[in-house]
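Okay, so here's the structure we're looking at.
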Amino acid sequence: AEEKARRKLEAKNNPKPAPTTRSRELQARLDGAIGAGEFCFHYQGKFDTAQLRLVGLEALLRWDHPRHGLVYPNEFIGLAEQTDAIAALGNWGIDAACRQLAQWRAAGLPVVPVAVNVSARQLCEPHLPDFVLRCLQRHAIAPGLLELEVTESCGIDDMAQAAQVLCRLRALGLAISLDDYGTGHSGLSHVKMLPIHTIKIDRSFIRELGSGGSAGRDTVIVASTIALARGLGLQALAEGVESRGQLAQLQRLGCPQVQGFYLHRPAPAAEVAALLAAGAPAGLVSGRKHGAMRRGADAQ
């Protein structure tokens, strides 16, 4: 109740800007776009820091809009959260990830766990574990190959209900990650109450590592988060690794896993096949042929 009241106060003090013509157009098309198959995933690799071995993939949502081209989540997730579209998108994503794993497996590729983001609304839906189980069974996917990511700042109204749903999902064999750790208001509460498997350290704490500026404070925060995860028996993963210096510093700090476009940029499923076959980045930085990247866009 306290968390819900805080968010209402924030909304009152920080009113949303008036919708633009583009956002109104996206909102009007959103529901139909899901049924029309306009959404897709791009996948970004996760690697261990010891051998830079591929250990997983994150499925990042994209809207292949017939007029605007590829639209990133920062433009439509907020719109989807205002309606039931967010739940429909989340359910589509779980099934799509299972289906893609089955396709890679049928092609003879070694598969790794794929992580999909879930919304706060999905977490409060008691039938979510049953839906996930049906998707796994439909595509003959082992539960250990599907991971669900909960964003720390997603605003869970009913924490007890969310914890119950996530416990049932963990009991099925799924891993649960806490995404964007350090950016929300209830980070330690989420770690304590939710049955998570992995803490993902937000990119805002990684950006200055290996450089000057506020790197000293960021290093302490990252090191303490890694220690927290280790002490609780959890995995730790650093997001937004964009340089050799950042990677080297994370290796020195003992961070076991990393993710970011220094090692791999998000790419369509067909292009990820080569990464799965190799099990490691191509020449450290892969995906140069995709051209210039909008800073931060590939992380969404």
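We name chains A, B, ... following the order of the structure tokens; residues begin at 1 in each chain, and ligands are numbered from 1 as shown.
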Using only C-alpha atoms, which residues of segment 150-260 of chain A come within 8 Å of segment 113-132 of chain A, and what is the closest atom pair for each, with the distance in Å to one decimal? Give it as a tab-separated table, sorted by chain and residue number.
residue	atom	partner	partner_atom	distance
A:Val150	CA	A:Val118	CA	5.9
A:Thr151	CA	A:Asn117	CA	7.6
A:Cys154	CA	A:Ala120	CA	5.8
A:Gly155	CA	A:Ala120	CA	6.4
A:Ile156	CA	A:Ala120	CA	5.2
A:Asp157	CA	A:Ala120	CA	7.8
A:Asp158	CA	A:Cys124	CA	6.8
A:Gln161	CA	A:Cys124	CA	5.7
A:Ala162	CA	A:Leu123	CA	4.9
A:Val165	CA	A:Pro126	CA	6.1
A:Leu166	CA	A:Leu123	CA	7.3
A:Arg168	CA	A:Pro129	CA	6.5
A:Leu169	CA	A:Pro129	CA	5.6
Write out the residues from the selection above, keeping C-alpha atoms, as a compact mmCIF listing (two decimals), in the first residue's frame.
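After the write, part_22.txt holds the following:
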# COMPACT_ATOMS: atom_id res chain seq x y z
CA VAL A 150 11.34 -8.64 -13.56
CA THR A 151 12.28 -4.97 -13.76
CA CYS A 154 8.09 -2.11 -12.58
CA GLY A 155 5.79 -1.09 -9.71
CA ILE A 156 4.33 -4.31 -8.30
CA ASP A 157 1.13 -3.42 -6.42
CA ASP A 158 0.62 -6.81 -4.77
CA GLN A 161 0.76 -12.22 -5.06
CA ALA A 162 3.78 -11.60 -7.29
CA VAL A 165 3.36 -16.52 -8.79
CA LEU A 166 7.16 -16.36 -9.10
CA ARG A 168 5.34 -21.37 -8.68
CA LEU A 169 7.39 -20.49 -11.75
List as a ChimeraX atom specification the protein and nucleic acid residues near Gln100 of chain A, meaning an atom at most 12 Å away when only C-alpha atoms are counted, but skip any in the same chain fewer than 2 places from it. /A:40-43,57,59,93-98,102-107,109,111-114,135-136,139-141,145-146,268-270,272-273
File of the preceding selection, C-alpha atoms, as a PDB file, in the first residue's frame:
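Listed below is the output, part.pdb:
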ATOM      1  CA  CYS A  40       9.456  -9.574 -33.052  1.00  0.00           C
ATOM      2  CA  PHE A  41      12.466 -10.208 -30.850  1.00  0.00           C
ATOM      3  CA  HIS A  42      16.071  -9.236 -31.272  1.00  0.00           C
ATOM      4  CA  TYR A  43      18.410 -11.270 -29.086  1.00  0.00           C
ATOM      5  CA  LEU A  57      20.280 -14.639 -24.491  1.00  0.00           C
ATOM      6  CA  ALA A  59      14.887 -11.415 -25.934  1.00  0.00           C
ATOM      7  CA  GLY A  93       6.699 -12.920 -25.824  1.00  0.00           C
ATOM      8  CA  ILE A  94       6.762 -16.040 -23.666  1.00  0.00           C
ATOM      9  CA  ASP A  95       5.305 -18.176 -26.445  1.00  0.00           C
ATOM     10  CA  ALA A  96       7.534 -16.559 -29.097  1.00  0.00           C
ATOM     11  CA  ALA A  97      10.692 -17.274 -27.083  1.00  0.00           C
ATOM     12  CA  CYS A  98       9.712 -20.931 -26.662  1.00  0.00           C
ATOM     13  CA  ALA A 102      12.393 -24.964 -30.722  1.00  0.00           C
ATOM     14  CA  GLN A 103      13.345 -23.622 -34.166  1.00  0.00           C
ATOM     15  CA  TRP A 104      17.012 -23.229 -33.235  1.00  0.00           C
ATOM     16  CA  ARG A 105      17.028 -26.721 -31.764  1.00  0.00           C
ATOM     17  CA  ALA A 106      15.403 -28.154 -34.919  1.00  0.00           C
ATOM     18  CA  ALA A 107      18.172 -26.496 -36.937  1.00  0.00           C
ATOM     19  CA  LEU A 109      22.047 -25.467 -32.986  1.00  0.00           C
ATOM     20  CA  VAL A 111      20.626 -23.620 -27.389  1.00  0.00           C
ATOM     21  CA  VAL A 112      21.085 -21.539 -24.255  1.00  0.00           C
ATOM     22  CA  PRO A 113      18.473 -20.092 -21.870  1.00  0.00           C
ATOM     23  CA  VAL A 114      16.441 -17.188 -23.250  1.00  0.00           C
ATOM     24  CA  CYS A 135       3.955 -22.816 -23.849  1.00  0.00           C
ATOM     25  CA  LEU A 136       6.828 -25.008 -22.700  1.00  0.00           C
ATOM     26  CA  HIS A 139       7.120 -26.394 -28.049  1.00  0.00           C
ATOM     27  CA  ALA A 140       8.744 -29.215 -26.024  1.00  0.00           C
ATOM     28  CA  ILE A 141      11.100 -26.809 -24.238  1.00  0.00           C
ATOM     29  CA  LEU A 145      15.759 -22.850 -21.037  1.00  0.00           C
ATOM     30  CA  LEU A 146      13.288 -20.072 -20.202  1.00  0.00           C
ATOM     31  CA  PRO A 268      17.360 -10.958 -35.295  1.00  0.00           C
ATOM     32  CA  ALA A 269      17.053 -14.685 -34.644  1.00  0.00           C
ATOM     33  CA  ALA A 270      18.547 -15.650 -38.010  1.00  0.00           C
ATOM     34  CA  VAL A 272      22.016 -15.060 -33.713  1.00  0.00           C
ATOM     35  CA  ALA A 273      22.388 -18.559 -35.155  1.00  0.00           C
TER      36      ALA A 273
END
What are the nearest atom pairs, with distances in Å to one decimal, for all residues of segment 36-76 of chain A that come at most 10 Å from segment 254-260 of chain A, using only C-alpha atoms, set out by chain and rising residue number as JSON lines?
{"residue": "A:Gln44", "atom": "CA", "partner": "A:Gln259", "partner_atom": "CA", "distance": 7.6}
{"residue": "A:Gly45", "atom": "CA", "partner": "A:Gln259", "partner_atom": "CA", "distance": 6.5}
{"residue": "A:Lys46", "atom": "CA", "partner": "A:Gln259", "partner_atom": "CA", "distance": 4.8}
{"residue": "A:Phe47", "atom": "CA", "partner": "A:Val258", "partner_atom": "CA", "distance": 5.4}
{"residue": "A:Asp48", "atom": "CA", "partner": "A:Gln257", "partner_atom": "CA", "distance": 4.3}
{"residue": "A:Thr49", "atom": "CA", "partner": "A:Gln257", "partner_atom": "CA", "distance": 5.5}
{"residue": "A:Ala50", "atom": "CA", "partner": "A:Pro256", "partner_atom": "CA", "distance": 7.3}
{"residue": "A:Leu52", "atom": "CA", "partner": "A:Gln257", "partner_atom": "CA", "distance": 8.6}
{"residue": "A:Arg53", "atom": "CA", "partner": "A:Gln257", "partner_atom": "CA", "distance": 9.5}
{"residue": "A:Leu54", "atom": "CA", "partner": "A:Gln257", "partner_atom": "CA", "distance": 9.6}
{"residue": "A:Val55", "atom": "CA", "partner": "A:Gln257", "partner_atom": "CA", "distance": 8.4}
{"residue": "A:Gly56", "atom": "CA", "partner": "A:Gln259", "partner_atom": "CA", "distance": 9.6}
{"residue": "A:Leu57", "atom": "CA", "partner": "A:Gln259", "partner_atom": "CA", "distance": 9.1}
{"residue": "A:Glu58", "atom": "CA", "partner": "A:Gln259", "partner_atom": "CA", "distance": 9.1}
Extract the full set of strand (DSSP E or B) residues from segment 87-160 of chain A according to DSSP on the backbone, and format it as a list of chain:residue names. A:Val114, A:Ala115, A:Val116, A:Asn117, A:Val118, A:Leu146, A:Glu147, A:Leu148, A:Glu149, A:Val150, A:Thr151
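Nearest-residue note for Leu209 of chain A: choosing from A:Arg244, A:Arg24, A:Arg170, A:Arg265, the minimum distance belongs to A:Arg244, counting only C-alpha atoms.
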Please return, as number ranges by chain, all residues of segment 32-213 of chain A that DSSP assigns to alpha helix (DSSP H) on the basis of the backbone. A: 32-35, 73-80, 85-106, 120-123, 128-138, 159-172, 187-193
**Request:** Figure out the distance between atom CA of Gly173 of chain A and atom CA of Ser189 of chain A, please, to one decimal in Å.
**Result:**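 Between atom CA of Ser189 of chain A and atom CA of Gly173 of chain A the gap works out to 23.0 Å.
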TODO: Go through A:Ala278, A:Leu263, A:Ile226, A:Ile206 one by one, measure the shortest atom-to-atom distance of each to Gln249 of chain A using only C-alpha atoms, and give the residue with the smallest value.
DONE: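 Closest to Gln249 of chain A, using only C-alpha atoms: A:Ile206.
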message = Env of Ala33 of chain A: 9 Å cut, atoms = only C-alpha atoms, seq-sep filter 6 positions within chain, self excluded. Answer as an MDAnalysis selection string.
response = chainID A and resid 39 63 65
query: Can you tell me, as a PyMOL selection string, what residues are no more than 12 Å from Ala28 of chain A when counting only C-alpha atoms, ignoring any on the same chain fewer than 5 positions away?
result: chain A and resi 21-23+33-34+76+79-80+83+85
For C-alpha atoms, I'd like the residues from the last selection saved as a short mmCIF file (atom, residue, chain, number, x, y, z; two decimals), in the first residue's frame.
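To be explicit, this is the file written out as selection38.cif:
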data_model
loop_
_atom_site.label_atom_id
_atom_site.label_comp_id
_atom_site.auth_asym_id
_atom_site.auth_seq_id
_atom_site.Cartn_x
_atom_site.Cartn_y
_atom_site.Cartn_z
CA THR A 21 0.68 12.46 -32.97
CA ARG A 22 3.07 9.51 -33.29
CA SER A 23 2.27 8.13 -29.84
CA ALA A 33 -0.42 -5.03 -34.24
CA ILE A 34 -0.11 -7.95 -31.82
CA PHE A 76 5.33 1.68 -26.88
CA LEU A 79 1.40 2.93 -24.02
CA ALA A 80 0.80 -0.80 -23.62
CA THR A 83 -4.31 -0.99 -21.43
CA ALA A 85 -2.08 -4.76 -24.35
#
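Proximity ranking of A:Gly32, A:Pro266, A:Pro195, A:Gly216 relative to Gly240 of chain A places A:Pro266 first, based on only C-alpha atoms.
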